[in-house]
Amino acid sequence: MASAVGREEKEVLNAYLLKNHLKRSEQREAILDVFLRAEKHLSVDDLLGLVQKRHPDIGRTTVYRTLKLLQEAGLASELPLDGESRFEPDYNRAHHDHFICKSCGDIFEFSSPEIERLQDLAAEEIGFVIQGHRHQIFGLCRRCAAKANEAHR
Ligand SMILES: [Zn+2]
Ligand SMILES: [Zn+2]
């Protein structure tokens with residue numbers, strides 16, 4: 001099952017495990033592999049479902065703990081949402097923000113240099129040192145908006 005997908009990420013994970021005196025485990029690597037191939041914003045249960053297709057023996061606690069570990073290692077980031085958090089690969093990814101459909105839960109990525117520039121300016125004005133930010137814009141995706149429109153007619 002050697003493949004180029006996530007080779008670098010695997011190295012990052014193993015370096016992190018070594019540094020923190022944690023053991024390498026095949027389960028963790030399998031979870032990382034599925035996580036990277038999915039390329040989506042996954043809840044713990046989404047990921048669990050995908051993982052169990054190939055590894056029915058891996059349980060929810062292991063998936064959850066591995067996601068936390070991946071986060072600490074800089075390989076995953078969490079989108080804290082109402083209800084369930086979602087996780088996405090974060091290694092070597094350009095900064096982006098999210099539109100979140102309140103109806104179907106779909107998540108769309110966007111990035112705008114203009115918005116980034118404006119918030120830097122706004123921070124500069126009050127001497128605020130930005131360490132990070134997260135835009136979560138809630139609404140309806142195109143499909144759900146069309147459905148809502150029809151229902152109103
Ligand atoms: Zn939707
Ligand atoms: Zn994203």
# chains A, B, ... in the order shown; residues from 1 in each chain; ligands from 1
call {"tool": "residues_around", "arguments": {"residues": "range 79-89 of chain A", "least_positions_apart": "3", "cutoff": "8 Å", "atoms": "only C-alpha atoms", "output": "JSON, numbers by chain"}}
result
{"A": [35, 36, 39, 40, 41, 42, 43, 44, 67, 75, 76, 93]}
call {"tool": "write_last_selection", "arguments": {"atoms": "all heavy atoms", "output": "CSV table (one decimal), in the first residue's frame"}}
result
chain,number,residue,atom,x,y,z
A,35,PHE,N,-7.7,10.1,6.3
A,35,PHE,CA,-7.9,11.5,6.5
A,35,PHE,C,-7.4,12.4,5.3
A,35,PHE,O,-8.1,13.2,4.8
A,35,PHE,CB,-7.3,11.9,7.8
A,35,PHE,CG,-7.4,13.4,8.2
A,35,PHE,CD1,-8.7,13.9,8.4
A,35,PHE,CD2,-6.3,14.2,8.3
A,35,PHE,CE1,-8.9,15.2,8.7
A,35,PHE,CE2,-6.5,15.5,8.6
A,35,PHE,CZ,-7.8,16.1,8.9
A,36,LEU,N,-6.2,12.1,4.9
A,36,LEU,CA,-5.6,12.9,3.8
A,36,LEU,C,-6.3,12.6,2.5
A,36,LEU,O,-6.4,13.5,1.7
A,36,LEU,CB,-4.1,12.6,3.7
A,36,LEU,CG,-3.3,13.0,4.9
A,36,LEU,CD1,-1.8,12.5,4.8
A,36,LEU,CD2,-3.3,14.5,5.1
A,39,GLU,N,-9.8,14.6,1.8
A,39,GLU,CA,-9.8,16.0,1.4
A,39,GLU,C,-11.1,16.7,1.6
A,39,GLU,O,-11.7,17.3,0.8
A,39,GLU,CB,-9.4,16.1,0.0
A,39,GLU,CG,-7.9,15.9,-0.3
A,39,GLU,CD,-7.6,16.1,-1.7
A,39,GLU,OE1,-7.6,17.3,-2.1
A,39,GLU,OE2,-7.3,15.1,-2.4
A,40,LYS,N,-11.7,16.5,2.8
A,40,LYS,CA,-12.9,17.2,3.1
A,40,LYS,C,-12.9,17.7,4.5
A,40,LYS,O,-12.0,17.4,5.3
A,40,LYS,CB,-14.1,16.3,2.9
A,40,LYS,CG,-14.8,16.4,1.6
A,40,LYS,CD,-16.2,15.8,1.7
A,40,LYS,CE,-16.3,14.5,0.8
A,40,LYS,NZ,-17.3,13.6,1.3
A,41,HIS,N,-14.0,18.4,4.9
A,41,HIS,CA,-14.1,18.8,6.3
A,41,HIS,C,-14.9,17.7,7.0
A,41,HIS,O,-16.1,17.7,6.9
A,41,HIS,CB,-14.8,20.2,6.4
A,41,HIS,CG,-14.0,21.2,5.5
A,41,HIS,ND1,-14.4,21.4,4.2
A,41,HIS,CD2,-13.0,22.0,5.8
A,41,HIS,CE1,-13.6,22.3,3.7
A,41,HIS,NE2,-12.7,22.7,4.6
A,42,LEU,N,-14.2,16.9,7.8
A,42,LEU,CA,-14.9,15.7,8.3
A,42,LEU,C,-15.1,15.8,9.8
A,42,LEU,O,-14.3,16.4,10.6
A,42,LEU,CB,-13.9,14.5,8.1
A,42,LEU,CG,-13.6,14.1,6.7
A,42,LEU,CD1,-12.5,13.1,6.7
A,42,LEU,CD2,-14.8,13.7,5.9
A,43,SER,N,-16.3,15.4,10.2
A,43,SER,CA,-16.5,15.2,11.7
A,43,SER,C,-15.8,13.9,12.1
A,43,SER,O,-15.4,13.1,11.3
A,43,SER,CB,-18.0,15.1,12.0
A,43,SER,OG,-18.5,13.9,11.4
A,44,VAL,N,-15.7,13.7,13.4
A,44,VAL,CA,-15.1,12.5,13.9
A,44,VAL,C,-15.8,11.3,13.4
A,44,VAL,O,-15.2,10.3,12.9
A,44,VAL,CB,-15.1,12.5,15.5
A,44,VAL,CG1,-14.5,11.1,16.0
A,44,VAL,CG2,-14.3,13.6,16.0
A,67,LEU,N,-7.0,12.2,15.8
A,67,LEU,CA,-7.3,13.6,15.2
A,67,LEU,C,-6.7,14.7,16.1
A,67,LEU,O,-6.1,15.6,15.6
A,67,LEU,CB,-8.8,13.8,15.1
A,67,LEU,CG,-9.4,13.4,13.8
A,67,LEU,CD1,-10.9,13.5,13.9
A,67,LEU,CD2,-8.9,14.1,12.6
A,75,LEU,N,-0.9,18.8,11.6
A,75,LEU,CA,-1.3,18.1,10.4
A,75,LEU,C,-2.8,18.3,10.1
A,75,LEU,O,-3.3,18.0,9.0
A,75,LEU,CB,-1.0,16.6,10.4
A,75,LEU,CG,0.5,16.3,10.4
A,75,LEU,CD1,0.8,14.8,10.8
A,75,LEU,CD2,1.1,16.6,9.0
A,76,ALA,N,-3.5,18.7,11.1
A,76,ALA,CA,-5.0,18.8,11.0
A,76,ALA,C,-5.4,20.1,11.7
A,76,ALA,O,-4.7,20.5,12.7
A,76,ALA,CB,-5.7,17.6,11.6
A,93,ARG,N,-1.0,23.8,3.8
A,93,ARG,CA,-2.1,24.4,3.1
A,93,ARG,C,-2.2,25.9,3.3
A,93,ARG,O,-1.9,26.4,4.3
A,93,ARG,CB,-3.4,23.8,3.7
A,93,ARG,CG,-3.6,22.3,3.3
A,93,ARG,CD,-5.1,22.0,3.2
A,93,ARG,NE,-5.7,22.8,2.2
A,93,ARG,CZ,-7.0,23.0,2.1
A,93,ARG,NH1,-7.8,22.5,3.0
A,93,ARG,NH2,-7.5,23.8,1.1
call {"tool": "residues_near_ligand", "arguments": {"ligand": "ligand 1", "cutoff": "7 Å", "atoms": "only C-alpha atoms and all ligand atoms", "output": "list in words"}}
result
Cys101, Lys102, Ser103, Cys104, Gly105, Asp106, Leu140, Cys141, Arg142, Arg143 and Cys144 of chain A
call {"tool": "write_last_selection", "arguments": {"atoms": "N, CA, C and O atoms", "output": "mmCIF file, in the first residue's frame"}}
result
data_model
loop_
_atom_site.group_PDB
_atom_site.id
_atom_site.type_symbol
_atom_site.label_atom_id
_atom_site.label_comp_id
_atom_site.auth_asym_id
_atom_site.auth_seq_id
_atom_site.Cartn_x
_atom_site.Cartn_y
_atom_site.Cartn_z
ATOM 1 N N CYS A 101 -23.020 25.946 5.199
ATOM 2 C CA CYS A 101 -24.459 25.899 4.948
ATOM 3 C C CYS A 101 -25.175 25.396 6.202
ATOM 4 O O CYS A 101 -24.892 24.298 6.690
ATOM 5 N N LYS A 102 -26.098 26.211 6.692
ATOM 6 C CA LYS A 102 -26.827 25.870 7.910
ATOM 7 C C LYS A 102 -27.830 24.752 7.669
ATOM 8 O O LYS A 102 -28.318 24.131 8.601
ATOM 9 N N SER A 103 -28.162 24.536 6.410
ATOM 10 C CA SER A 103 -29.189 23.549 6.118
ATOM 11 C C SER A 103 -28.606 22.151 5.899
ATOM 12 O O SER A 103 -29.003 21.199 6.553
ATOM 13 N N CYS A 104 -27.635 22.023 4.986
ATOM 14 C CA CYS A 104 -27.114 20.688 4.688
ATOM 15 C C CYS A 104 -25.738 20.448 5.308
ATOM 16 O O CYS A 104 -25.237 19.325 5.283
ATOM 17 N N GLY A 105 -25.120 21.498 5.843
ATOM 18 C CA GLY A 105 -23.833 21.315 6.507
ATOM 19 C C GLY A 105 -22.634 21.351 5.574
ATOM 20 O O GLY A 105 -21.504 21.188 6.010
ATOM 21 N N ASP A 106 -22.873 21.573 4.285
ATOM 22 C CA ASP A 106 -21.753 21.667 3.353
ATOM 23 C C ASP A 106 -20.852 22.833 3.731
ATOM 24 O O ASP A 106 -21.330 23.858 4.202
ATOM 25 N N LEU A 140 -26.919 29.687 3.491
ATOM 26 C CA LEU A 140 -27.433 28.561 2.727
ATOM 27 C C LEU A 140 -26.620 28.408 1.453
ATOM 28 O O LEU A 140 -26.331 29.396 0.773
ATOM 29 N N CYS A 141 -26.267 27.191 1.114
ATOM 30 C CA CYS A 141 -25.581 26.941 -0.147
ATOM 31 C C CYS A 141 -26.574 27.138 -1.292
ATOM 32 O O CYS A 141 -27.777 27.271 -1.065
ATOM 33 N N ARG A 142 -26.059 27.125 -2.501
ATOM 34 C CA ARG A 142 -26.913 27.410 -3.657
ATOM 35 C C ARG A 142 -28.120 26.478 -3.719
ATOM 36 O O ARG A 142 -29.247 26.885 -3.950
ATOM 37 N N ARG A 143 -27.833 25.178 -3.492
ATOM 38 C CA ARG A 143 -28.915 24.196 -3.588
ATOM 39 C C ARG A 143 -29.984 24.436 -2.513
ATOM 40 O O ARG A 143 -31.173 24.443 -2.789
ATOM 41 N N CYS A 144 -29.522 24.632 -1.284
ATOM 42 C CA CYS A 144 -30.474 24.833 -0.181
ATOM 43 C C CYS A 144 -31.206 26.167 -0.316
ATOM 44 O O CYS A 144 -32.377 26.272 0.044
#
call {"tool": "residues_around", "arguments": {"residues": "Arg65 in chain A", "least_positions_apart": "5", "cutoff": "10 Å", "atoms": "only C-alpha atoms", "output": "list in words"}}
result
Arg28, Val44, Arg60, Leu70 and Gln71 of chain A
call {"tool": "write_last_selection", "arguments": {"atoms": "N, CA and C atoms", "output": "PDB file, in the first residue's frame"}}
result
ATOM      1  N   ARG A  28      -2.705   4.539  13.731  1.00  0.00           N
ATOM      2  CA  ARG A  28      -2.601   5.990  13.534  1.00  0.00           C
ATOM      3  C   ARG A  28      -2.275   6.319  12.090  1.00  0.00           C
ATOM      4  N   VAL A  44     -15.676  13.709  13.414  1.00  0.00           N
ATOM      5  CA  VAL A  44     -15.073  12.478  13.918  1.00  0.00           C
ATOM      6  C   VAL A  44     -15.827  11.269  13.356  1.00  0.00           C
ATOM      7  N   ARG A  60     -13.923   4.471  17.644  1.00  0.00           N
ATOM      8  CA  ARG A  60     -14.111   5.908  17.661  1.00  0.00           C
ATOM      9  C   ARG A  60     -13.075   6.641  18.532  1.00  0.00           C
ATOM     10  N   LEU A  70      -2.998  14.625  15.513  1.00  0.00           N
ATOM     11  CA  LEU A  70      -2.668  15.236  14.223  1.00  0.00           C
ATOM     12  C   LEU A  70      -2.721  16.755  14.330  1.00  0.00           C
ATOM     13  N   GLN A  71      -3.684  17.224  15.132  1.00  0.00           N
ATOM     14  CA  GLN A  71      -3.795  18.656  15.357  1.00  0.00           C
ATOM     15  C   GLN A  71      -2.539  19.192  16.052  1.00  0.00           C
TER      16      GLN A  71
END
call {"tool": "residues_around", "arguments": {"residues": "range 4-11 of chain A", "least_positions_apart": "3", "cutoff": "10 Å", "atoms": "only C-alpha atoms", "output": "count of residues only"}}
result
21
call {"tool": "closest_residue", "arguments": {"among": "A:Ser112, A:Ile126, A:Leu118, A:His96", "to": "ligand 2", "atoms": "only C-alpha atoms and all ligand atoms"}}
result
A:His96
